[in-house]
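Source file: upload.tsv (TSV, C-alpha atoms)
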```tsv
chain	number	residue	atom	x	y	z
L	418	MET	CA	-8.35	-3.75	-9.96
L	419	THR	CA	-9.05	-4.29	-6.29
L	420	ALA	CA	-9.09	-1.53	-3.67
L	421	PHE	CA	-9.49	-1.81	0.09
L	422	GLU	CA	-11.19	1.04	1.94
L	423	PRO	CA	-12.68	0.89	5.44
L	424	HIS	CA	-13.83	4.53	5.82
L	425	PRO	CA	-17.54	5.06	4.97
L	426	ARG	CA	-17.06	8.61	3.61
L	427	HIS	CA	-14.20	7.46	1.40
L	428	LEU	CA	-16.25	4.51	0.18
L	429	SER	CA	-19.01	6.87	-0.85
L	430	ALA	CA	-16.55	9.10	-2.73
L	431	ILE	CA	-14.97	6.10	-4.47
L	432	ALA	CA	-18.38	4.81	-5.57
L	433	GLY	CA	-19.29	8.24	-6.95
L	434	HIS	CA	-16.04	8.58	-8.90
L	435	LEU	CA	-16.24	5.05	-10.30
L	436	SER	CA	-19.82	5.60	-11.42
L	437	ALA	CA	-19.17	9.04	-12.94
L	438	ASN	CA	-16.22	7.68	-14.91
L	439	HIS	CA	-17.91	4.41	-15.92
L	440	TYR	CA	-15.38	2.22	-14.09
L	441	ALA	CA	-17.67	0.59	-11.52
L	442	ASP	CA	-17.57	-2.70	-13.42
L	443	ARG	CA	-13.75	-2.67	-13.57
L	444	VAL	CA	-12.91	-2.07	-9.91
L	445	LYS	CA	-13.69	-4.33	-6.97
L	446	VAL	CA	-13.91	-2.28	-3.78
L	447	VAL	CA	-13.49	-4.27	-0.57
L	448	GLU	CA	-15.25	-2.42	2.24
L	449	ALA	CA	-12.60	-3.26	4.84
L	450	ALA	CA	-9.09	-2.42	5.92
L	451	ALA	CA	-6.22	-4.47	4.49
L	452	GLY	CA	-4.31	-6.36	7.15
L	453	VAL	CA	-2.49	-9.60	7.90
L	454	ALA	CA	-5.43	-11.34	9.59
L	455	SER	CA	-9.20	-11.10	9.38
L	456	ALA	CA	-10.48	-9.24	12.42
L	457	SER	CA	-12.29	-6.17	13.67
L	458	ALA	CA	-10.44	-2.98	14.52
L	459	TYR	CA	-11.10	0.66	15.20
L	460	LEU	CA	-10.49	3.40	12.66
L	461	THR	CA	-9.67	6.97	13.60
L	462	ASP	CA	-11.70	9.61	11.79
L	463	ALA	CA	-8.93	11.84	10.49
L	464	GLY	CA	-9.90	12.26	6.84
L	465	SER	CA	-7.20	11.00	4.48
L	466	SER	CA	-4.95	10.25	7.48
L	467	SER	CA	-7.41	7.89	9.20
L	468	ALA	CA	-5.63	4.85	10.59
L	469	LEU	CA	-6.40	1.64	12.44
L	470	THR	CA	-6.06	1.98	16.18
L	471	GLY	CA	-6.66	0.04	19.35
L	472	ASN	CA	-8.50	3.06	20.73
L	473	THR	CA	-12.26	2.51	20.95
L	474	ALA	CA	-12.78	6.25	20.36
L	475	GLY	CA	-12.66	5.41	16.65
L	476	PHE	CA	-15.35	3.40	14.90
L	477	ALA	CA	-15.36	-0.35	14.32
L	478	VAL	CA	-14.37	-1.62	10.87
L	479	PRO	CA	-13.64	-5.06	9.45
L	480	VAL	CA	-10.08	-6.03	8.57
L	481	VAL	CA	-9.44	-8.53	5.77
L	482	ASP	CA	-6.35	-10.71	5.46
L	483	VAL	CA	-5.01	-9.16	2.27
L	484	PHE	CA	-2.85	-12.21	1.52
L	485	GLU	CA	-5.99	-14.32	1.10
L	486	THR	CA	-7.19	-12.00	-1.66
L	487	LEU	CA	-4.00	-11.43	-3.67
L	488	ASP	CA	-4.01	-13.86	-6.54
L	489	GLY	CA	-2.07	-14.02	-9.77
L	490	THR	CA	0.35	-11.47	-11.10
L	491	ILE	CA	-0.16	-7.89	-9.96
L	492	ASP	CA	1.08	-5.06	-12.16
L	493	ILE	CA	1.13	-2.41	-9.41
L	494	LEU	CA	0.54	-2.94	-5.69
L	495	LYS	CA	0.06	0.37	-3.87
L	496	ILE	CA	0.30	0.28	-0.08
L	497	ASP	CA	-0.99	3.49	1.49
L	498	ILE	CA	-2.36	2.46	4.88
L	499	GLU	CA	-1.10	5.04	7.37
L	500	GLY	CA	1.35	2.91	9.34
L	501	GLY	CA	-0.17	-0.45	8.41
L	502	GLU	CA	2.60	-1.00	5.86
L	503	TYR	CA	4.78	-2.50	8.60
L	504	GLY	CA	2.41	-5.40	9.23
L	505	LEU	CA	2.16	-6.25	5.52
L	506	LEU	CA	5.86	-5.97	4.72
L	507	GLY	CA	6.79	-7.72	7.97
L	508	ASP	CA	4.69	-10.77	7.08
L	509	GLU	CA	6.73	-13.53	5.40
L	510	ARG	CA	3.79	-14.16	3.05
L	511	PHE	CA	4.69	-10.91	1.30
L	512	GLY	CA	7.48	-12.88	-0.37
L	513	SER	CA	4.91	-14.93	-2.29
L	514	VAL	CA	3.07	-11.87	-3.63
L	515	ARG	CA	3.64	-11.66	-7.38
L	516	ALA	CA	3.71	-7.89	-7.80
L	517	ARG	CA	5.88	-6.45	-10.56
L	518	THR	CA	5.89	-3.00	-8.96
L	519	VAL	CA	5.18	-2.01	-5.36
L	520	VAL	CA	4.59	1.56	-4.22
L	521	VAL	CA	4.73	2.02	-0.44
L	522	GLU	CA	3.85	5.16	1.45
L	523	TRP	CA	5.94	4.78	4.61
L	524	HIS	CA	5.32	6.64	7.86
L	525	LYS	CA	7.58	7.44	10.77
L	526	THR	CA	5.78	6.09	13.84
L	527	PRO	CA	6.69	5.77	17.52
L	528	ASP	CA	7.45	2.09	16.84
L	529	ARG	CA	9.28	2.75	13.54
L	530	ALA	CA	11.48	5.83	13.70
L	531	ASP	CA	13.50	4.21	10.86
L	532	GLY	CA	10.42	3.70	8.67
L	533	ARG	CA	11.95	4.55	5.31
L	534	GLU	CA	15.00	2.32	5.75
L	535	TRP	CA	12.94	-0.50	7.28
L	536	CYS	CA	10.56	-0.57	4.30
L	537	GLU	CA	13.42	-0.39	1.79
L	538	ASP	CA	15.19	-3.30	3.54
L	539	LYS	CA	12.01	-5.41	3.50
L	540	LEU	CA	11.37	-4.74	-0.19
L	541	ARG	CA	14.96	-5.66	-1.04
L	542	LYS	CA	14.65	-8.84	1.03
L	543	PHE	CA	11.70	-9.83	-1.17
L	544	GLY	CA	13.64	-9.21	-4.41
L	545	TYR	CA	12.76	-5.60	-5.25
L	546	ARG	CA	15.12	-2.85	-6.35
L	547	THR	CA	14.03	0.32	-4.57
L	548	LYS	CA	13.87	3.95	-5.54
L	549	ARG	CA	12.70	6.77	-3.32
L	550	GLY	CA	9.80	8.73	-4.71
L	551	VAL	CA	9.73	12.46	-5.23
L	552	GLU	CA	7.77	12.87	-2.03
L	553	ASP	CA	10.37	11.90	0.56
L	554	LEU	CA	9.78	13.90	3.73
L	555	PRO	CA	11.09	13.44	7.29
L	556	LEU	CA	7.85	11.83	8.56
L	557	ALA	CA	6.54	10.04	5.45
L	558	GLY	CA	7.33	9.40	1.83
L	559	LEU	CA	7.07	7.06	-1.12
L	560	ILE	CA	9.25	4.12	-2.03
L	561	TRP	CA	8.98	2.36	-5.36
L	562	GLY	CA	9.99	-1.28	-5.58
L	563	PHE	CA	10.64	-3.00	-8.91
L	564	LYS	CA	11.26	-6.71	-9.32
L	565	ALA	CA	14.85	-7.26	-10.38
L	566	ASP	CA	13.78	-8.37	-13.89
L	567	GLN	CA	11.50	-5.35	-14.43
L	568	VAL	CA	12.57	-2.01	-15.90
L	569	SER	CA	10.97	0.82	-13.96
L	570	PRO	CA	8.96	3.45	-15.86
L	571	MET	CA	11.42	6.03	-14.49
L	572	GLU	CA	14.38	4.13	-15.96
L	573	GLN	CA	12.57	3.58	-19.25
L	574	THR	CA	11.84	7.30	-19.62
L	575	GLN	CA	15.47	8.16	-18.86
L	576	SER	CA	16.79	5.68	-21.43
L	577	GLU	CA	14.46	7.09	-24.12
L	578	ALA	CA	15.71	10.67	-23.53
```

Hey, can you dump this file as structure tokens for me?
Amino acid sequence: MTAFEPHPRHLSAIAGHLSANHYADRVKVVEAAAGVASASAYLTDAGSSSALTGNTAGFAVPVVDVFETLDGTIDILKIDIEGGEYGLLGDERFGSVRARTVVVEWHKTPDRADGREWCEDKLRKFGYRTKRGVEDLPLAGLIWGFKADQVSPMEQTQSEA
């Protein structure tokens, strides 16, 4: 498992949880934000809603080109990057990512008032069937994407009932 986290407080919490649960040797934590190009950026300090910004009022963090790190088949790719989902899904390289299941937390932003539909369209373009998650609010929500040849856990549970 690989996780990207740029926020120092969150990194500390992750390290503590991994150690306490004896998973530190099973999870690679990249101390950077996931993006479409390696760079430096600023991160707002808004707890679990911290996001990359051009505003220097945040603090500087490294950004890693996530496409250079994704290798092999991925069982579940979770994208929860507070508006950064648009850069990843908008990059044509996303089509070469071999993820069986993708979970995207989308956000309505000033640039993407149609965030939910935009993300669903991009996932479909890359060969995923989409299903809206239980948390589907006006400003943010979850979208599940399943490769066409994969049966979703939700569908599997329904067929077993």

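CA of Phe511 in chain L is found 20.9 Å from CA of Pro479 in chain L.
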
As an exercise, work out the distance from CA of Asp497 in chain L to CA of Phe421 in chain L in Å and give it to one decimal place.
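Atom-to-atom, CA of Asp497 in chain L and CA of Phe421 in chain L are spaced 10.1 Å apart.
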
Residues proximal to (0.9, 7.4, 12.6) were defined as those with any atom within 8 Å of that point in the file's coordinates, counting all atoms listed in the file. Which are they, as a short mmCIF file (atom, residue, chain, number, x, y, z; two decimals) with C-alpha atoms, keeping the file's coordinate frame?
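Contents of point25.cif, as written:
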```cif
data_model
loop_
_atom_site.label_atom_id
_atom_site.label_comp_id
_atom_site.auth_asym_id
_atom_site.auth_seq_id
_atom_site.Cartn_x
_atom_site.Cartn_y
_atom_site.Cartn_z
CA ALA L 468 -5.63 4.85 10.59
CA GLU L 499 -1.10 5.04 7.37
CA GLY L 500 1.35 2.91 9.34
CA HIS L 524 5.32 6.64 7.86
CA LYS L 525 7.58 7.44 10.77
CA THR L 526 5.78 6.09 13.84
CA PRO L 527 6.69 5.77 17.52
#
```

What box, with edges along x, y and z, holds each listed atom of range 516-532 of chain L when 4 Å is added on every side, and can you state its centre and edge lengths in Å to one decimal, as JSON?
```
{"center_x": 8.6, "center_y": -0.2, "center_z": 3.5, "size_x": 17.8, "size_y": 23.3, "size_z": 36.1}
```

Interatomic distance (Å, one decimal) between CA of Tyr459 in chain L and CA of Gly501 in chain L:
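CA of Tyr459 in chain L sits 12.9 Å away from CA of Gly501 in chain L.
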
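Nearest to Ala458 in chain L of all the residues L:Val478, L:Ala557, L:Leu487, L:Ala565 is L:Val478, based on only C-alpha atoms.
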
Take range 491-502 of chain L, model all heavy atoms, and hand the result over as a compact mmCIF listing (two decimals), in the coordinates of the input.
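The result, stored in out21.txt:
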```txt
# COMPACT_ATOMS: atom_id res chain seq x y z
N ILE L 491 0.34 -9.24 -10.21
CA ILE L 491 -0.16 -7.89 -9.96
C ILE L 491 0.78 -6.91 -10.66
O ILE L 491 1.99 -6.96 -10.45
CB ILE L 491 -0.20 -7.61 -8.44
CG1 ILE L 491 -1.10 -8.63 -7.75
CG2 ILE L 491 -0.64 -6.18 -8.16
CD1 ILE L 491 -0.94 -8.65 -6.24
N ASP L 492 0.24 -6.04 -11.47
CA ASP L 492 1.08 -5.06 -12.16
C ASP L 492 1.61 -4.02 -11.16
O ASP L 492 2.80 -3.77 -11.11
CB ASP L 492 0.31 -4.36 -13.28
CG ASP L 492 0.04 -5.30 -14.45
OD1 ASP L 492 0.91 -6.14 -14.75
OD2 ASP L 492 -1.03 -5.21 -15.04
N ILE L 493 0.73 -3.41 -10.40
CA ILE L 493 1.13 -2.41 -9.41
C ILE L 493 0.37 -2.67 -8.11
O ILE L 493 -0.86 -2.75 -8.11
CB ILE L 493 0.84 -0.97 -9.87
CG1 ILE L 493 1.62 -0.64 -11.13
CG2 ILE L 493 1.17 0.03 -8.77
CD1 ILE L 493 1.32 0.72 -11.71
N LEU L 494 1.12 -2.80 -7.03
CA LEU L 494 0.54 -2.94 -5.69
C LEU L 494 0.87 -1.67 -4.93
O LEU L 494 2.04 -1.38 -4.68
CB LEU L 494 1.11 -4.16 -4.97
CG LEU L 494 0.68 -4.36 -3.52
CD1 LEU L 494 -0.83 -4.56 -3.42
CD2 LEU L 494 1.43 -5.54 -2.91
N LYS L 495 -0.14 -0.88 -4.61
CA LYS L 495 0.06 0.37 -3.87
C LYS L 495 -0.36 0.13 -2.43
O LYS L 495 -1.47 -0.30 -2.15
CB LYS L 495 -0.77 1.49 -4.48
CG LYS L 495 -0.55 2.81 -3.78
CD LYS L 495 -1.30 3.93 -4.48
CE LYS L 495 -1.03 5.25 -3.80
NZ LYS L 495 -2.20 5.77 -3.13
N ILE L 496 0.55 0.44 -1.51
CA ILE L 496 0.30 0.28 -0.08
C ILE L 496 0.33 1.67 0.54
O ILE L 496 1.39 2.28 0.68
CB ILE L 496 1.35 -0.65 0.57
CG1 ILE L 496 1.35 -2.01 -0.13
CG2 ILE L 496 1.09 -0.78 2.06
CD1 ILE L 496 2.49 -2.92 0.30
N ASP L 497 -0.84 2.15 0.90
CA ASP L 497 -0.99 3.49 1.49
C ASP L 497 -1.96 3.33 2.65
O ASP L 497 -3.15 3.62 2.52
CB ASP L 497 -1.51 4.46 0.43
CG ASP L 497 -1.69 5.88 0.96
OD1 ASP L 497 -1.41 6.13 2.15
OD2 ASP L 497 -2.13 6.74 0.18
N ILE L 498 -1.46 2.81 3.78
CA ILE L 498 -2.36 2.46 4.88
C ILE L 498 -1.90 3.02 6.23
O ILE L 498 -2.06 2.39 7.26
CB ILE L 498 -2.63 0.93 4.95
CG1 ILE L 498 -1.35 0.12 4.92
CG2 ILE L 498 -3.54 0.51 3.81
CD1 ILE L 498 -1.57 -1.38 4.99
N GLU L 499 -1.35 4.23 6.17
CA GLU L 499 -1.10 5.04 7.37
C GLU L 499 -0.47 4.28 8.53
O GLU L 499 -1.00 4.26 9.63
CB GLU L 499 -2.40 5.72 7.81
CG GLU L 499 -3.12 6.49 6.72
CD GLU L 499 -2.26 7.51 6.00
OE1 GLU L 499 -1.53 8.27 6.67
OE2 GLU L 499 -2.30 7.54 4.76
N GLY L 500 0.65 3.65 8.29
CA GLY L 500 1.35 2.91 9.34
C GLY L 500 1.13 1.41 9.27
O GLY L 500 1.89 0.64 9.85
N GLY L 501 0.11 0.97 8.56
CA GLY L 501 -0.17 -0.45 8.41
C GLY L 501 0.79 -1.17 7.48
O GLY L 501 0.78 -2.39 7.39
N GLU L 502 1.63 -0.39 6.79
CA GLU L 502 2.60 -1.00 5.86
C GLU L 502 3.55 -1.94 6.58
O GLU L 502 4.02 -2.92 6.02
CB GLU L 502 3.38 0.08 5.10
CG GLU L 502 4.22 1.01 5.94
CD GLU L 502 3.48 2.25 6.42
OE1 GLU L 502 2.23 2.29 6.38
OE2 GLU L 502 4.16 3.19 6.85
```
